[in-house]
Amino acid sequence: MRDRHTTIFWVGFAVVLVLLARAPYVLPEYWARFLTEILIWGLLAMSSDILIGYTGMVSFGHSAFFGLGVYGAAAALIAVKPASLWLAIAFGLVGAGAVALFVAYFSTRLRDIYFAITTLIFSQIFYVIIFTWTDVTGGENGLTFRKPALAIPGLFSMPFDTKTLHWFVLAVVALSYLLLRRITQSPFGMVLQSIRENEARTRAIGYPVERYKIAAVMLSGLFAGLAGVLYAVQKSFAAPDFVFFVTSGQTVIHNVMGGVGTLVGPIVGAAFFLLLHEVFSRFFTEHYLIPVGIIFIAMVIFMPQGLLGFARRWLNR
Amino acid sequence: MEIPLDLILIQTVNGIVTGMILALVASGLTLIFGIMDVVNFAHGELFMLGAYFGVVVLTATGSFWVALVVATLMVALLGAALQVVTLRPLIGRDPLTTILTTFGISLVLQNYALWQFGPVARKIQEPFTGHFRLFYLEYPVYRLVIALLSAAIIGALWLFLKFGKYGIWIRATMQDRVMAQAMGIPVPWVYTAVFAIGAGMAAASGVLFGPLVGVNHAMGLDWILRAFIVVVIGGMGSLAGSVAAAIFISLLEAYASIWVSPAQAAIVSFVVLILTLLFRPTGLFVPTPK
């Protein structure tokens, strides 16, 4: 049984990967970019699933990690010449990781709703700092920069176009998924899930729950930062809006729509949300959030498991 | 650095005035949380809708006081309807689902307001245009009226909870939901009423605050965050704690904005929040839990 499950999983994974990789050849330019964007938002949502789905902590502060990824990448791309993609990733991860450590240290002392509100308020602190520190961050106008080249020093260098960017993002997201899946199935991931199920008991067994929570927030923050770097590279600009808590709210919506605790669910949720956005924008222009919000509320009430909730046990086996 | 004494006194008055409005917003939020375990993300939007309904009624009738009462009642009714449709099915589920639902509501209401009223800020004409002299400033009387009215509304709520028959129902539900239900209190309707009261208080503060700044669709965002900070610092679910924390925070921000921009002054309240969470996570203004 176990072998059959493994085979089906990897075949399914390979098929989805090949389909996504082939997509830029089939889709028109606009939709190819759209797909890349879905993958980036999906990575952000997947990173927050570590907290929501596996540790049972709803973070409303992922915009801070994501935003620091964006601004970290921007710093590297603006300050260092020639612009290097890998340096941007390193800066983004360091920025997001540092913020995640700071937020985690304070917010993991609290539970449930208090954790959610605390992360929300922390993300707003970073929003205010970025918004008002005009000299460094460009304030409301944000920062613009040039895309780095996809290069391995001494081997090759090529500028990003729609296709190569899509493949690069796809590779990062796929690797992140495999890594996160491995982590959630590791002993560390098991402890996180036992914190979700019964925190008091986990503590009684002897696990230092606080340290595990801090590690979980940092892990989640690092992947959110990675999503931020990818977004910075795709959009070539950084704006304080990315750090505003609405971004965090959307991340939570992606999770709930797709199904928490599945890792792929959040990506599906992001795709679903962005598609709804596209469709309703045609009819409601910028007021698309009215129908999308109503659909979201209905899903919370009637479909709390999300789109992929039915496959949750299977995906985590 | 010389400390400008007159400026500090002016900012004290300003801080108390904003503090009272913030207390009005936050006490609705803390009431809803304390009784229903619902963190109402849509509270800022109810505040904003109250202000907009105030604008509409004021244009129709020309009376600020009619606008205040009608807008409050309309938003209270809307709150009751929202509670019945979206929150009642979630009773007994994880409290976190209520955060998600109210977040959804806030998105819908905010975009509805943008759609209905447009992006241009509206203005509410203040009912009193009188001024009195405060050092070198002509201080508007209306600001003091706001503070007093907010205090009166919060005081009325407190009296109602303490002595009113239905207020006692509400407190009974807060202490023990199952027992209250066993004694014949219609708990689901108590929840609806509490949400309506909280929504009405948000709306009233929206109308009262409207004349000081323009009314626009995003005004709720700013207030909901400050109200959350107040509620956490004051101790979740504690009415007196929220009022004290609201005034405390507003005073600190008012003093800070003597030296830095108002946007940066907001960081002061964030710092207070962090310190509170570090040293007294149950809240600054509540008795130490046993």
# chains A, B, ... in the order shown; residues from 1 in each chain; ligands from 1
call {"tool": "closest_atom_pairs", "arguments": {"of": "chain B", "to": "chain A", "cutoff": "6 Å", "atoms": "only C-alpha atoms", "output": "Markdown table"}}
result
| residue | atom | partner | partner_atom | distance |
| --- | --- | --- | --- | --- |
| B:Thr101 | CA | A:Ile297 | CA | 5.3 |
| B:Gly104 | CA | A:Gly293 | CA | 4.9 |
| B:Val108 | CA | A:Ile290 | CA | 4.4 |
| B:Asn111 | CA | A:His287 | CA | 5.7 |
call {"tool": "residues_around", "arguments": {"residues": "Met74 (chain B)", "least_positions_apart": "4", "cutoff": "8 Å", "atoms": "only C-alpha atoms", "output": "count of residues only"}}
result
4
call {"tool": "closest_residue", "arguments": {"among": "A:Arg203, A:Arg313, A:His62, A:Arg282", "to": "Met46 (chain A)", "atoms": "only C-alpha atoms"}}
result
A:His62
call {"tool": "residues_around", "arguments": {"residues": "Gly259 (chain A)", "least_positions_apart": "6", "cutoff": "10 Å", "atoms": "only C-alpha atoms", "output": "list in words"}}
result
Asp49, Gly53, Ile253, Gly265, Pro266, Ile267, Val268, Gly269, Met303, Pro304, Gln305, Gly306, Leu307, Leu308, Gly309, Phe310, Ala311 and Arg312 of chain A
call {"tool": "residues_around", "arguments": {"residues": "Val70 (chain A)", "least_positions_apart": "6", "cutoff": "7 Å", "atoms": "only C-alpha atoms", "output": "ChimeraX atom specification"}}
result
/A:92,228-229,231-232,238
call {"tool": "closest_residue", "arguments": {"among": "B:Val286, B:Val13, B:Val56, B:Met20", "to": "Ile153 (chain B)", "atoms": "only C-alpha atoms"}}
result
B:Met20
